[in-house]
>>> print(open('entry30.cif').read())   # mmCIF, C-alpha atoms
data_input
loop_
_atom_site.label_atom_id
_atom_site.label_comp_id
_atom_site.auth_asym_id
_atom_site.auth_seq_id
_atom_site.Cartn_x
_atom_site.Cartn_y
_atom_site.Cartn_z
CA MET A 1 80.41 -77.31 -63.20
CA LYS A 2 81.90 -77.00 -59.74
CA CYS A 3 80.03 -78.28 -56.71
CA GLU A 4 79.71 -74.82 -55.13
CA ARG A 5 77.98 -73.58 -58.27
CA ALA A 6 75.81 -76.70 -58.43
CA GLN A 7 74.76 -76.21 -54.82
CA LYS A 8 73.77 -72.62 -55.55
CA LEU A 9 71.61 -73.94 -58.40
CA ILE A 10 70.13 -76.54 -56.04
CA SER A 11 69.10 -73.72 -53.71
CA ASP A 12 67.48 -71.83 -56.59
CA ARG A 13 65.76 -75.01 -57.70
CA LEU A 14 64.23 -75.58 -54.26
CA ASP A 15 62.84 -72.05 -54.42
CA GLY A 16 61.38 -72.64 -57.88
CA LYS A 17 63.77 -70.10 -59.35
CA LEU A 18 65.76 -72.30 -61.71
CA SER A 19 65.27 -71.95 -65.46
CA SER A 20 64.88 -75.19 -67.39
CA TRP A 21 68.24 -75.03 -69.17
CA ARG A 22 70.03 -74.45 -65.85
CA GLN A 23 68.02 -77.34 -64.50
CA LYS A 24 69.44 -79.49 -67.31
CA ARG A 25 72.98 -78.40 -66.53
CA LEU A 26 72.38 -79.18 -62.87
CA ASP A 27 70.90 -82.58 -63.72
CA ARG A 28 73.98 -83.42 -65.79
CA HIS A 29 76.18 -82.52 -62.83
CA LEU A 30 74.05 -84.53 -60.41
CA THR A 31 74.35 -87.68 -62.51
CA THR A 32 78.10 -87.62 -61.93
CA CYS A 33 78.45 -86.07 -58.46
CA GLU A 34 77.44 -88.02 -55.39
CA VAL A 35 78.34 -85.17 -53.02
CA CYS A 36 75.84 -82.85 -54.69
CA ARG A 37 73.18 -85.58 -54.82
CA ASP A 38 73.55 -85.96 -51.04
CA TYR A 39 73.46 -82.19 -50.69
CA LEU A 40 70.18 -82.03 -52.61
CA LEU A 41 68.67 -84.79 -50.49
CA SER A 42 69.74 -83.06 -47.26
CA GLN A 43 68.29 -79.76 -48.40
CA GLU A 44 65.00 -81.40 -49.35
CA ILE A 45 64.78 -82.87 -45.84
CA ILE A 46 65.60 -79.50 -44.24
CA GLN A 47 62.97 -77.80 -46.41
CA ARG A 48 60.33 -80.39 -45.54
CA GLU A 49 61.03 -80.15 -41.80
CA ALA A 50 61.16 -76.34 -41.86
CA LEU A 51 57.63 -76.30 -43.23
CA LYS A 52 56.45 -78.49 -40.35
CA ILE A 53 57.84 -76.32 -37.56
CA GLY A 54 56.25 -73.11 -38.73
CA ALA A 55 52.64 -73.57 -37.66
CA VAL A 56 51.47 -71.48 -34.73
CA ASP A 57 47.96 -70.49 -33.84
CA TYR A 58 45.77 -69.64 -30.89
CA PRO A 59 42.15 -70.41 -29.97
CA PRO A 60 39.42 -67.90 -30.99
CA GLU A 61 39.18 -66.59 -27.43
CA TRP A 62 42.86 -65.59 -27.49
CA TRP A 63 42.35 -63.74 -30.77
CA ARG A 64 39.31 -61.93 -29.37
CA GLN A 65 41.36 -60.66 -26.44
CA PHE A 66 44.22 -59.77 -28.74
CA GLU A 67 41.91 -57.72 -30.97
CA GLN A 68 40.26 -55.99 -28.00
CA ALA A 69 43.62 -54.96 -26.58
CA LEU A 70 44.80 -53.75 -29.97
CA GLN A 71 41.59 -51.86 -30.63
CA ALA A 72 41.91 -50.05 -27.29
CA LYS A 73 45.42 -48.93 -28.24
CA LEU A 74 44.32 -47.91 -31.72
CA ILE A 75 41.55 -45.72 -30.32
CA GLN A 76 44.11 -43.85 -28.24
CA SER A 77 46.28 -43.42 -31.26
CA THR A 78 45.68 -41.47 -34.46
CA PRO A 79 47.16 -42.20 -37.87
CA GLY A 80 50.41 -40.30 -38.19
CA GLU A 81 50.69 -39.75 -34.47
CA GLU A 82 54.38 -40.35 -34.10
CA VAL A 83 57.54 -40.91 -36.06
CA ILE A 84 57.84 -44.47 -37.29
CA SER A 85 61.39 -45.32 -36.47
CA VAL A 86 61.29 -48.89 -37.69
CA LEU A 87 60.00 -48.32 -41.19
CA PRO A 88 62.37 -49.55 -43.87
CA ALA A 89 63.70 -47.40 -46.67
CA GLY A 90 61.02 -46.61 -49.22
CA ILE A 91 58.26 -46.12 -46.67
CA SER A 92 58.63 -42.46 -45.95
CA ALA A 93 56.71 -40.78 -43.18
CA ASP A 94 55.69 -37.24 -43.91
CA ILE A 95 55.25 -36.47 -40.27
CA SER A 96 55.00 -32.70 -40.62
CA ASP A 97 51.82 -32.97 -42.72
CA ILE A 98 50.26 -35.47 -40.36
CA LYS A 99 51.09 -33.47 -37.26
CA GLY A 100 49.63 -30.43 -38.94
CA ASP A 101 46.37 -32.34 -39.47
CA LYS A 102 46.16 -33.57 -35.95
CA ASN A 103 47.18 -30.48 -34.07
CA SER A 104 45.27 -27.94 -36.07
CA ASN A 105 45.92 -25.27 -33.43
CA LYS A 106 49.66 -25.67 -33.93
CA LYS A 107 51.62 -24.51 -36.89
CA GLY A 108 53.01 -27.26 -39.15
CA ARG A 109 56.70 -27.79 -38.58
CA SER A 110 58.86 -25.95 -41.04
CA TRP A 111 62.00 -27.73 -42.19
CA ALA A 112 63.52 -24.59 -43.71
CA PHE A 113 67.08 -24.07 -42.46
CA LYS A 114 67.39 -20.74 -40.62
CA PRO A 115 70.86 -20.56 -39.08
CA ASN A 116 71.82 -17.99 -36.49
CA ALA A 117 75.31 -16.45 -36.45
CA MET A 118 76.81 -19.18 -34.25
CA GLN A 119 75.37 -21.99 -36.40
CA ALA A 120 76.57 -20.28 -39.56
CA ALA A 121 80.11 -20.00 -38.17
CA SER A 122 80.08 -23.68 -37.14
CA LEU A 123 78.83 -24.64 -40.56
CA LEU A 124 81.66 -22.73 -42.23
CA VAL A 125 84.23 -24.52 -40.07
CA VAL A 126 82.71 -27.91 -40.92
CA VAL A 127 82.66 -27.13 -44.65
CA ALA A 128 86.28 -25.94 -44.57
CA ALA A 129 87.38 -29.06 -42.66
CA THR A 130 85.50 -31.33 -45.08
CA LEU A 131 87.09 -29.63 -48.11
CA PHE A 132 90.53 -29.99 -46.53
CA LEU A 133 89.96 -33.68 -45.85
CA ILE A 134 88.70 -34.32 -49.38
CA ILE A 135 91.77 -32.64 -50.92
CA TYR A 136 94.16 -34.30 -48.48
CA ILE A 137 92.67 -37.79 -48.90
CA GLY A 138 92.52 -37.29 -52.64
CA ARG A 139 96.25 -36.53 -52.70
CA SER A 140 97.05 -39.44 -50.43
CA LYS A 141 95.13 -41.77 -52.68
CA ASN A 142 96.98 -40.49 -55.71
CA GLU A 143 100.24 -41.15 -53.93
CA GLU A 144 99.20 -44.67 -53.06
CA LEU A 145 97.93 -45.47 -56.52
CA PRO A 146 100.30 -44.20 -59.22
CA LEU A 147 98.83 -43.56 -62.64
CA PRO A 148 100.40 -46.59 -64.39
CA LEU A 149 98.83 -48.84 -61.76
CA ILE A 150 95.42 -47.23 -62.18
CA LEU A 151 95.65 -47.58 -65.96
CA SER A 152 97.03 -51.14 -65.87
CA TYR A 153 94.38 -53.66 -66.79
CA GLU A 154 96.12 -56.45 -64.90
CA ASP A 155 96.51 -54.43 -61.70
CA SER A 156 92.90 -53.29 -61.86
CA TYR A 157 91.86 -56.87 -62.33
CA PHE A 158 93.97 -57.92 -59.37
CA ASN A 159 92.44 -55.20 -57.18
CA LEU A 160 88.94 -56.22 -58.28
CA SER A 161 89.61 -59.88 -57.53
CA GLN A 162 90.84 -58.91 -54.05
CA ILE A 163 87.67 -56.93 -53.40
CA LEU A 164 85.51 -59.79 -54.65
CA ALA A 165 87.39 -62.31 -52.52
CA GLU A 166 86.43 -60.27 -49.46
CA ASP A 167 82.81 -59.66 -50.47
CA GLU A 168 81.06 -62.91 -51.21
CA GLU A 169 77.73 -61.28 -52.06
CA ALA A 170 79.31 -58.97 -54.63
CA ALA A 171 81.23 -61.93 -56.07
CA SER A 172 78.08 -63.98 -56.37
CA ASN A 173 76.21 -61.13 -58.06
CA LEU A 174 79.07 -60.45 -60.46
CA ALA A 175 79.40 -64.14 -61.35
CA ARG A 176 75.70 -64.36 -62.13
CA SER A 177 75.77 -61.16 -64.14
CA LEU A 178 78.79 -62.38 -66.14
CA GLU A 179 77.17 -65.70 -66.78
CA GLU A 180 73.98 -64.08 -68.04
CA THR A 181 75.97 -61.77 -70.32
CA ILE A 182 77.83 -64.74 -71.80
CA ILE A 183 74.56 -66.53 -72.41
CA GLU A 184 73.14 -63.52 -74.23
CA GLU A 185 76.28 -63.24 -76.34
CA THR A 186 76.09 -66.93 -77.15
CA LEU A 187 72.49 -66.64 -78.20
CA LEU A 188 73.40 -63.77 -80.48
CA ALA A 189 76.14 -65.91 -82.04
CA GLY A 190 73.52 -68.13 -83.66
CA PRO A 191 72.69 -71.83 -83.62
CA GLU A 192 76.31 -72.85 -84.14
CA GLY A 193 77.33 -71.00 -80.97
CA THR A 194 79.37 -72.81 -78.38
CA PHE A 195 78.73 -71.98 -74.76
CA ILE A 196 81.76 -71.75 -72.53
CA ASP A 197 80.87 -72.81 -69.04
CA ILE A 198 83.09 -70.80 -66.73
CA ASP A 199 83.40 -71.78 -63.11
CA TYR A 200 85.42 -69.12 -61.37
CA ASP A 201 86.46 -69.34 -57.75
CA PHE A 202 87.17 -65.84 -56.48
CA LYS A 203 88.78 -67.08 -53.31
CA THR A 204 91.43 -69.23 -54.95
CA ASP A 205 91.56 -67.26 -58.23
CA ASN A 206 91.12 -70.49 -60.14
CA TYR A 207 88.80 -70.95 -63.04
CA GLU A 208 87.73 -73.70 -65.33
CA MET A 209 86.43 -73.24 -68.86
CA VAL A 210 84.35 -76.06 -70.25
CA PRO A 211 83.16 -75.76 -73.87
CA GLU A 212 79.60 -76.95 -74.12
CA ILE A 213 77.45 -77.17 -77.26
CA LEU A 214 74.08 -75.65 -76.57
CA GLN A 215 70.77 -77.16 -77.48
CA PHE A 216 69.64 -74.00 -79.18
CA GLU A 217 65.98 -74.95 -79.61
CA ASN A 218 65.73 -75.39 -75.83
CA LEU A 219 67.32 -72.04 -75.14
CA ASN A 220 64.91 -70.29 -77.43
CA SER A 221 62.03 -71.52 -75.38
CA GLU A 222 63.46 -69.98 -72.23
CA GLU A 223 61.29 -67.37 -70.73
CA GLY A 224 62.83 -63.94 -70.91
CA LEU A 225 65.70 -64.95 -73.24
CA MET B 226 39.87 -63.58 -48.69
CA MET B 227 39.25 -59.87 -49.02
CA LYS B 228 38.65 -58.33 -52.44
CA ALA B 229 41.06 -55.64 -53.66
CA ASP B 230 38.32 -52.99 -53.89
CA GLU B 231 37.11 -53.76 -50.40
CA GLU B 232 40.66 -53.56 -49.06
CA ARG B 233 41.29 -50.21 -50.77
CA GLU B 234 38.12 -48.81 -49.26
CA LEU B 235 39.07 -50.02 -45.78
CA ILE B 236 42.52 -48.45 -46.15
CA GLU B 237 40.94 -45.17 -47.17
CA ARG B 238 38.62 -45.22 -44.18
CA ALA B 239 41.51 -46.16 -41.86
CA ARG B 240 43.45 -43.18 -43.24
CA ARG B 241 40.59 -40.98 -42.06
CA GLY B 242 41.08 -42.48 -38.59
CA GLU B 243 38.29 -45.09 -38.58
CA VAL B 244 39.54 -47.71 -36.14
CA GLU B 245 36.83 -50.23 -37.06
CA ALA B 246 37.87 -50.17 -40.71
CA PHE B 247 41.46 -50.82 -39.69
CA MET B 248 40.34 -53.63 -37.38
CA GLN B 249 38.80 -55.38 -40.38
CA LEU B 250 42.21 -55.28 -42.03
CA VAL B 251 43.73 -56.58 -38.79
CA ARG B 252 41.34 -59.55 -38.75
CA GLU B 253 42.25 -60.34 -42.34
CA TYR B 254 46.02 -60.40 -41.82
CA GLU B 255 46.69 -60.99 -38.10
CA HIS B 256 47.26 -64.75 -38.49
CA ARG B 257 49.84 -64.29 -41.21
CA ILE B 258 51.71 -61.57 -39.34
CA LEU B 259 51.73 -63.64 -36.14
CA GLN B 260 53.07 -66.60 -38.11
CA LEU B 261 55.85 -64.47 -39.56
CA THR B 262 56.89 -62.93 -36.24
CA TYR B 263 56.79 -66.36 -34.62
CA ASN B 264 58.98 -67.80 -37.37
CA LEU B 265 61.49 -65.07 -36.65
CA THR B 266 61.41 -65.07 -32.84
CA ARG B 267 60.40 -68.68 -31.99
CA ASN B 268 58.65 -67.31 -28.95
CA ARG B 269 54.87 -67.01 -28.69
CA GLU B 270 54.75 -64.02 -26.35
CA ASP B 271 57.30 -62.05 -28.34
CA ALA B 272 55.50 -62.94 -31.55
CA ALA B 273 52.17 -61.70 -30.16
CA ASP B 274 53.76 -58.44 -28.93
CA LEU B 275 55.47 -57.87 -32.27
CA THR B 276 52.23 -58.58 -34.15
CA GLN B 277 50.39 -56.00 -32.06
CA GLU B 278 53.20 -53.50 -32.53
CA THR B 279 53.17 -54.12 -36.29
CA PHE B 280 49.51 -53.16 -36.54
CA LEU B 281 49.94 -50.16 -34.25
CA GLN B 282 52.83 -48.88 -36.35
CA ALA B 283 50.90 -49.59 -39.55
CA PHE B 284 47.88 -47.63 -38.28
CA ARG B 285 50.02 -44.67 -37.32
CA ALA B 286 51.75 -44.68 -40.68
CA ILE B 287 48.81 -45.62 -42.88
CA LYS B 288 48.63 -42.15 -44.41
CA ASP B 289 52.02 -42.87 -45.94
CA PHE B 290 50.97 -46.14 -47.51
CA LYS B 291 51.02 -45.25 -51.19
CA GLY B 292 49.80 -48.57 -52.53
CA ASN B 293 52.98 -49.20 -54.54
CA SER B 294 53.14 -52.64 -53.00
CA SER B 295 50.28 -54.70 -51.61
CA PHE B 296 49.04 -53.88 -48.13
CA LEU B 297 50.16 -57.30 -46.91
CA THR B 298 53.67 -56.77 -48.30
CA TRP B 299 53.77 -53.43 -46.48
CA LEU B 300 52.69 -55.12 -43.24
CA HIS B 301 55.33 -57.80 -43.79
CA ARG B 302 58.01 -55.13 -44.17
CA ILE B 303 57.01 -53.48 -40.90
CA ALA B 304 56.82 -56.86 -39.11
CA VAL B 305 60.21 -58.01 -40.44
CA ASN B 306 61.89 -54.74 -39.47
CA LEU B 307 60.36 -54.75 -36.01
CA SER B 308 61.37 -58.39 -35.54
CA LEU B 309 64.92 -57.81 -36.74
CA ASN B 310 65.26 -54.82 -34.41
CA PHE B 311 63.87 -56.94 -31.60
CA LEU B 312 66.28 -59.79 -32.34
CA LYS B 313 69.25 -57.45 -32.39
CA LYS B 314 68.31 -56.12 -28.96
CA HIS B 315 67.11 -59.23 -27.20
CA ARG B 316 68.55 -62.28 -28.82
CA HIS B 317 70.66 -64.44 -26.57
CA ALA B 318 71.03 -68.13 -26.00
CA SER B 319 68.90 -68.26 -22.85
CA ASN B 320 65.76 -67.27 -24.77
CA TYR B 321 66.11 -70.29 -26.94
CA LEU B 322 66.85 -72.62 -24.05
CA GLU B 323 63.76 -71.41 -22.17
CA ASP B 324 61.62 -72.09 -25.21
CA ILE B 325 63.07 -75.53 -25.80
CA ASP B 326 62.67 -76.44 -22.12
CA GLY B 327 59.05 -75.35 -22.38
CA LEU B 328 58.50 -77.53 -25.40
CA GLU B 329 60.11 -80.54 -23.79
CA GLU B 330 58.03 -80.12 -20.66
CA LYS B 331 54.82 -79.94 -22.63
CA GLY B 332 55.85 -82.61 -25.04
CA ARG B 333 56.25 -81.97 -28.70
CA GLY B 334 53.00 -83.69 -29.59
CA ALA B 335 51.00 -81.41 -27.32
CA GLU B 336 52.75 -78.40 -28.82
CA LEU B 337 51.93 -79.49 -32.34
CA ALA B 338 48.35 -80.30 -31.46
CA GLU B 339 48.00 -76.91 -29.79
CA ALA B 340 49.41 -75.29 -32.91
CA GLY B 341 46.87 -77.07 -35.06
CA GLY B 342 49.40 -79.41 -36.65
CA ILE B 343 48.68 -83.11 -36.33
CA PRO B 344 51.76 -85.30 -36.31
CA SER B 345 51.65 -87.83 -39.13
CA VAL B 346 52.34 -91.55 -38.71
CA GLU B 347 55.82 -91.24 -40.22
CA ASP B 348 56.60 -88.37 -37.84
CA SER B 349 59.32 -90.43 -36.25
CA TRP B 350 61.46 -89.64 -33.26
CA LEU B 351 64.38 -88.96 -35.58
CA SER B 352 62.33 -86.49 -37.54
CA GLN B 353 61.30 -84.71 -34.34
CA GLU B 354 64.90 -84.64 -33.19
CA LEU B 355 65.90 -83.09 -36.48
CA ARG B 356 63.10 -80.55 -36.27
CA THR B 357 64.03 -79.50 -32.74
CA ASN B 358 67.60 -78.96 -33.84
CA LEU B 359 66.45 -77.23 -37.01
CA GLU B 360 64.55 -74.71 -34.87
CA LYS B 361 67.72 -74.05 -32.94
CA ALA B 362 69.80 -73.79 -36.12
CA LEU B 363 67.29 -71.37 -37.65
CA GLU B 364 67.43 -69.19 -34.58
CA GLU B 365 71.21 -69.13 -34.75
CA LEU B 366 71.26 -67.89 -38.34
CA PRO B 367 72.21 -64.22 -38.75
CA PRO B 368 68.91 -62.26 -38.58
CA ALA B 369 68.91 -61.16 -42.24
CA PHE B 370 69.41 -64.77 -43.37
CA GLN B 371 66.81 -66.05 -40.95
CA ALA B 372 64.28 -63.51 -42.21
CA THR B 373 65.01 -64.41 -45.83
CA PHE B 374 64.72 -68.15 -45.18
CA SER B 375 61.51 -67.66 -43.26
CA LEU B 376 59.88 -65.55 -45.97
CA VAL B 377 60.86 -67.87 -48.82
CA VAL B 378 60.46 -71.31 -47.23
CA GLN B 379 57.92 -70.85 -44.47
CA GLU B 380 55.86 -68.02 -45.97
CA GLY B 381 56.19 -69.46 -49.47
CA MET B 382 57.22 -66.16 -51.07
CA SER B 383 59.04 -65.95 -54.37
CA HIS B 384 62.49 -64.34 -54.41
CA LYS B 385 60.88 -61.26 -55.93
CA GLN B 386 58.28 -60.91 -53.18
CA ALA B 387 60.87 -61.53 -50.45
CA ALA B 388 63.16 -58.93 -52.04
CA GLU B 389 60.30 -56.44 -51.95
CA VAL B 390 59.67 -57.11 -48.25
CA LEU B 391 63.34 -57.03 -47.31
CA GLY B 392 64.19 -54.04 -49.48
CA CYS B 393 67.01 -55.80 -51.34
CA SER B 394 67.61 -57.31 -54.78
CA GLU B 395 66.42 -60.74 -55.92
CA ASN B 396 70.06 -61.75 -56.35
CA THR B 397 70.69 -60.95 -52.71
CA VAL B 398 67.71 -63.08 -51.69
CA SER B 399 69.02 -65.94 -53.85
CA TRP B 400 72.50 -65.64 -52.37
CA ARG B 401 71.20 -65.43 -48.78
CA MET B 402 69.07 -68.54 -49.35
CA HIS B 403 72.10 -70.44 -50.61
CA GLU B 404 74.24 -69.32 -47.67
CA ALA B 405 71.46 -70.00 -45.15
CA ARG B 406 71.02 -73.53 -46.52
CA LYS B 407 74.75 -74.19 -46.31
CA MET B 408 74.82 -72.99 -42.69
CA LEU B 409 71.79 -75.11 -41.79
CA LYS B 410 73.24 -78.22 -43.39
CA LYS B 411 76.50 -77.74 -41.54
CA LYS B 412 74.72 -77.45 -38.20
CA LEU B 413 72.34 -80.33 -38.86
CA GLN B 414 74.86 -82.72 -40.39
CA PRO B 415 74.75 -85.27 -37.52
CA PHE B 416 70.97 -85.53 -37.72
CA LEU B 417 70.84 -85.59 -41.50
CA SER B 418 73.28 -88.47 -41.74
CA ILE B 419 70.95 -90.58 -39.57
CA GLU B 420 68.15 -90.02 -42.08
#
>>> encode(input="entry30.cif", output="structure tokens")
Amino acid sequence: MKCERAQKLISDRLDGKLSSWRQKRLDRHLTTCEVCRDYLLSQEIIQREALKIGAVDYPPEWWRQFEQALQAKLIQSTPGEEVISVLPAGISADISDIKGDKNSNKKGRSWAFKPNAMQAASLLVVVAATLFLIIYIGRSKNEELPLPLILSYEDSYFNLSQILAEDEEAASNLARSLEETIIEETLLAGPEGTFIDIDYDFKTDNYEMVPEILQFENLNSEEGL
Amino acid sequence: MMKADEERELIERARRGEVEAFMQLVREYEHRILQLTYNLTRNREDAADLTQETFLQAFRAIKDFKGNSSFLTWLHRIAVNLSLNFLKKHRHASNYLEDIDGLEEKGRGAELAEAGGIPSVEDSWLSQELRTNLEKALEELPPAFQATFSLVVQEGMSHKQAAEVLGCSENTVSWRMHEARKMLKKKLQPFLSIE
């Protein structure tokens, strides 16, 4: 196991996210790697200190004033009063319904699209321009990527590795996904299965394959496997 | 600790515009939201403003709360998004320096006592030095990484819960934690080697 991978496992371990068989692999690495042992110790110190700096509180009087001020603002406001611009994806605000409730003398806002002649003409121009761009870019792409290159496994692999080298998050997710797939395959292979520990470095395009005999009875006890 | 049934009833009443019902929810969660916004801003005034804004926004949007996640998770999402927006607009080095100067003036012990934390016997000078620099290093993390670290380490959330709050995958949380830890270690190396 490479140190970068071990340090990722150390991070998961500190968050209580490490499965017991990964823990064993990490422990094996730690027995032989002083750099990662130091890394673990440093991270434990950081974690401990981070917990100490968090605490913040105020006296009851401060909270009373805080609540009074908030309550005054809440009274002036009504649920659904205005568009919530900061809400993350997944928390939709059906403002039209709410505004309809509040301003019962007003008609609810209709979102139906009713273009006038000018808008319709503009829309046509935009659609035509978009279609032109799609066709033009499509052709350009075809020129840049000839069919043999698209169909070539090696070239595709090379392109993928370039993308992954530039996107560390995608690389990390892919590596984890690959690893989990290999584990599943190995489990399906039966008790004689040999696990190949692959440490792949997307930046340098180097990889290391280490055959490792699994303790099958331990794997079976893994939650979710 | 509020029971689930009681909370549901308060949410229903708040949906109908009952401010007092919503204030009961505020009293239940205000400390946790203040803690979160403080962890993200490292400034008491900003944290208090963001906490108030979180509850105001939540009240205005409460009709849209579907109950797919817990009410606290929903509040966390609003608080994190408000804080991240705030950090993008206002973050600059001087904020941090003002805060640190304030802490030094008051003395770290007074600050901890005021915050309810009592320094332990082994709370050595070195440890305090490390902590001061850790605060600075945390503030210098990219906002998304800072928010993730704060939710997982300081709020004690699992990767799954943090992913729910941040609207990303568990793998992304795991990766951000790893990267955040690497960045922190790099910045704190001189202080860690003393330990």
>>> closest_residue(input="entry30.cif", among="B:Glu270, B:Glu243, B:Glu395, B:Asp289", to="chain A", atoms="all atoms listed in the file")
B:Asp289
>>> closest_residue(input="entry30.cif", among="A:Leu160, A:Ser77, A:Asp12, A:Glu4", to="B:Val398", atoms="only C-alpha atoms")
A:Asp12
>>> axis_aligned_box(input="entry30.cif", around="stretch 377-389 of chain B", padding_each_side="8 Å", output="AutoDock Vina command-line options")
--center_x 59.5 --center_y -63.9 --center_z -50.2 --size_x 23.3 --size_y 30.9 --size_z 27.5
>>> interface_residues(input="entry30.cif", of="chain B", to="chain A", cutoff="6 Å", atoms="all atoms listed in the file", output="PDB file with C-alpha atoms, in the coordinates of the input")
ATOM      1  CA  PHE B 284      47.880 -47.630 -38.280  1.00  0.00           C
ATOM      2  CA  ARG B 285      50.020 -44.670 -37.320  1.00  0.00           C
ATOM      3  CA  ALA B 286      51.750 -44.680 -40.680  1.00  0.00           C
ATOM      4  CA  ASP B 289      52.020 -42.870 -45.940  1.00  0.00           C
ATOM      5  CA  ILE B 303      57.010 -53.480 -40.900  1.00  0.00           C
ATOM      6  CA  ALA B 340      49.410 -75.290 -32.910  1.00  0.00           C
ATOM      7  CA  ARG B 356      63.100 -80.550 -36.270  1.00  0.00           C
ATOM      8  CA  GLN B 379      57.920 -70.850 -44.470  1.00  0.00           C
ATOM      9  CA  HIS B 403      72.100 -70.440 -50.610  1.00  0.00           C
TER      10      HIS B 403
END
>>> residues_around(input="entry30.cif", residues="B:Asp274", least_positions_apart="6", cutoff="12 Å", atoms="only C-alpha atoms", output="list in words")
Phe66, Ala69 and Leu70 of chain A; Glu255, Ile258, Leu259, Thr262, Tyr263, Thr266, Asn268, Phe280, Leu281, Ala304, Leu307, Ser308 and Phe311 of chain B
>>> atom_distance(input="entry30.cif", atom1="atom CA of B:Glu234", atom2="atom CA of B:Arg302")
21.5 Å
>>> residues_around(input="entry30.cif", residues="stretch 382-392 of chain B", least_positions_apart="2", cutoff="7 Å", atoms="all atoms listed in the file", output="list of chain:residue names")
B:Thr298, B:His301, B:Arg302, B:Thr373, B:Leu376, B:Val377, B:Glu380, B:Ser394, B:Glu395, B:Val398, B:Ser399
>>> atom_distance(input="entry30.cif", atom1="atom CA of B:Arg240", atom2="atom CA of B:Thr276")
19.9 Å
>>> atom_distance(input="entry30.cif", atom1="atom CA of B:Phe370", atom2="atom CA of B:Lys412")
14.7 Å
>>> closest_residue(input="entry30.cif", among="B:Leu261, B:Gln282, B:Ala273, B:Met227", to="B:Leu309", atoms="only C-alpha atoms")
B:Leu261
>>> residues_around(input="entry30.cif", residues="B:Glu364", least_positions_apart="6", cutoff="8 Å", atoms="only C-alpha atoms", output="CSV table (one decimal) with C-alpha atoms, keeping the file's coordinate frame")
chain,number,residue,atom,x,y,z
B,265,LEU,CA,61.5,-65.1,-36.6
B,266,THR,CA,61.4,-65.1,-32.8
B,267,ARG,CA,60.4,-68.7,-32.0
B,321,TYR,CA,66.1,-70.3,-26.9
B,371,GLN,CA,66.8,-66.0,-41.0
>>> closest_residue(input="entry30.cif", among="A:Leu18, A:Cys3, A:Ala175, A:Ala121", to="A:Leu30", atoms="only C-alpha atoms")
A:Cys3
>>> closest_residue(input="entry30.cif", among="B:Arg401, B:Arg406, B:Lys411, B:Lys288", to="B:Gly242", atoms="only C-alpha atoms")
B:Lys288
>>> build_atoms(input="entry30.cif", residues="stretch 406-418 of chain B", atoms="N, CA and C atoms", output="PDB file, in the frame of the given file")
ATOM      1  N   ARG B 406      71.136 -72.063 -46.385  1.00  0.00           N
ATOM      2  CA  ARG B 406      71.020 -73.530 -46.520  1.00  0.00           C
ATOM      3  C   ARG B 406      72.348 -74.206 -46.182  1.00  0.00           C
ATOM      4  N   LYS B 407      73.435 -73.596 -46.620  1.00  0.00           N
ATOM      5  CA  LYS B 407      74.750 -74.190 -46.310  1.00  0.00           C
ATOM      6  C   LYS B 407      74.972 -74.197 -44.802  1.00  0.00           C
ATOM      7  N   MET B 408      74.628 -73.077 -44.151  1.00  0.00           N
ATOM      8  CA  MET B 408      74.820 -72.990 -42.690  1.00  0.00           C
ATOM      9  C   MET B 408      73.953 -74.022 -41.975  1.00  0.00           C
ATOM     10  N   LEU B 409      72.701 -74.155 -42.435  1.00  0.00           N
ATOM     11  CA  LEU B 409      71.790 -75.110 -41.790  1.00  0.00           C
ATOM     12  C   LEU B 409      72.302 -76.537 -41.948  1.00  0.00           C
ATOM     13  N   LYS B 410      72.763 -76.849 -43.140  1.00  0.00           N
ATOM     14  CA  LYS B 410      73.240 -78.220 -43.390  1.00  0.00           C
ATOM     15  C   LYS B 410      74.440 -78.531 -42.496  1.00  0.00           C
ATOM     16  N   LYS B 411      75.311 -77.541 -42.365  1.00  0.00           N
ATOM     17  CA  LYS B 411      76.500 -77.740 -41.540  1.00  0.00           C
ATOM     18  C   LYS B 411      76.103 -78.042 -40.092  1.00  0.00           C
ATOM     19  N   LYS B 412      75.141 -77.271 -39.590  1.00  0.00           N
ATOM     20  CA  LYS B 412      74.720 -77.450 -38.200  1.00  0.00           C
ATOM     21  C   LYS B 412      73.928 -78.742 -37.986  1.00  0.00           C
ATOM     22  N   LEU B 413      73.230 -79.169 -39.018  1.00  0.00           N
ATOM     23  CA  LEU B 413      72.340 -80.330 -38.860  1.00  0.00           C
ATOM     24  C   LEU B 413      72.957 -81.625 -39.369  1.00  0.00           C
ATOM     25  N   GLN B 414      74.211 -81.564 -39.770  1.00  0.00           N
ATOM     26  CA  GLN B 414      74.860 -82.720 -40.390  1.00  0.00           C
ATOM     27  C   GLN B 414      74.673 -84.033 -39.592  1.00  0.00           C
ATOM     28  N   PRO B 415      74.884 -84.010 -38.265  1.00  0.00           N
ATOM     29  CA  PRO B 415      74.750 -85.270 -37.520  1.00  0.00           C
ATOM     30  C   PRO B 415      73.347 -85.872 -37.614  1.00  0.00           C
ATOM     31  N   PHE B 416      72.356 -85.028 -37.681  1.00  0.00           N
ATOM     32  CA  PHE B 416      70.970 -85.530 -37.720  1.00  0.00           C
ATOM     33  C   PHE B 416      70.569 -85.928 -39.134  1.00  0.00           C
ATOM     34  N   LEU B 417      71.161 -85.274 -40.112  1.00  0.00           N
ATOM     35  CA  LEU B 417      70.840 -85.590 -41.500  1.00  0.00           C
ATOM     36  C   LEU B 417      71.455 -86.921 -41.908  1.00  0.00           C
ATOM     37  N   SER B 418      72.627 -87.221 -41.349  1.00  0.00           N
ATOM     38  CA  SER B 418      73.280 -88.470 -41.740  1.00  0.00           C
ATOM     39  C   SER B 418      72.503 -89.679 -41.222  1.00  0.00           C
TER      40      SER B 418
END
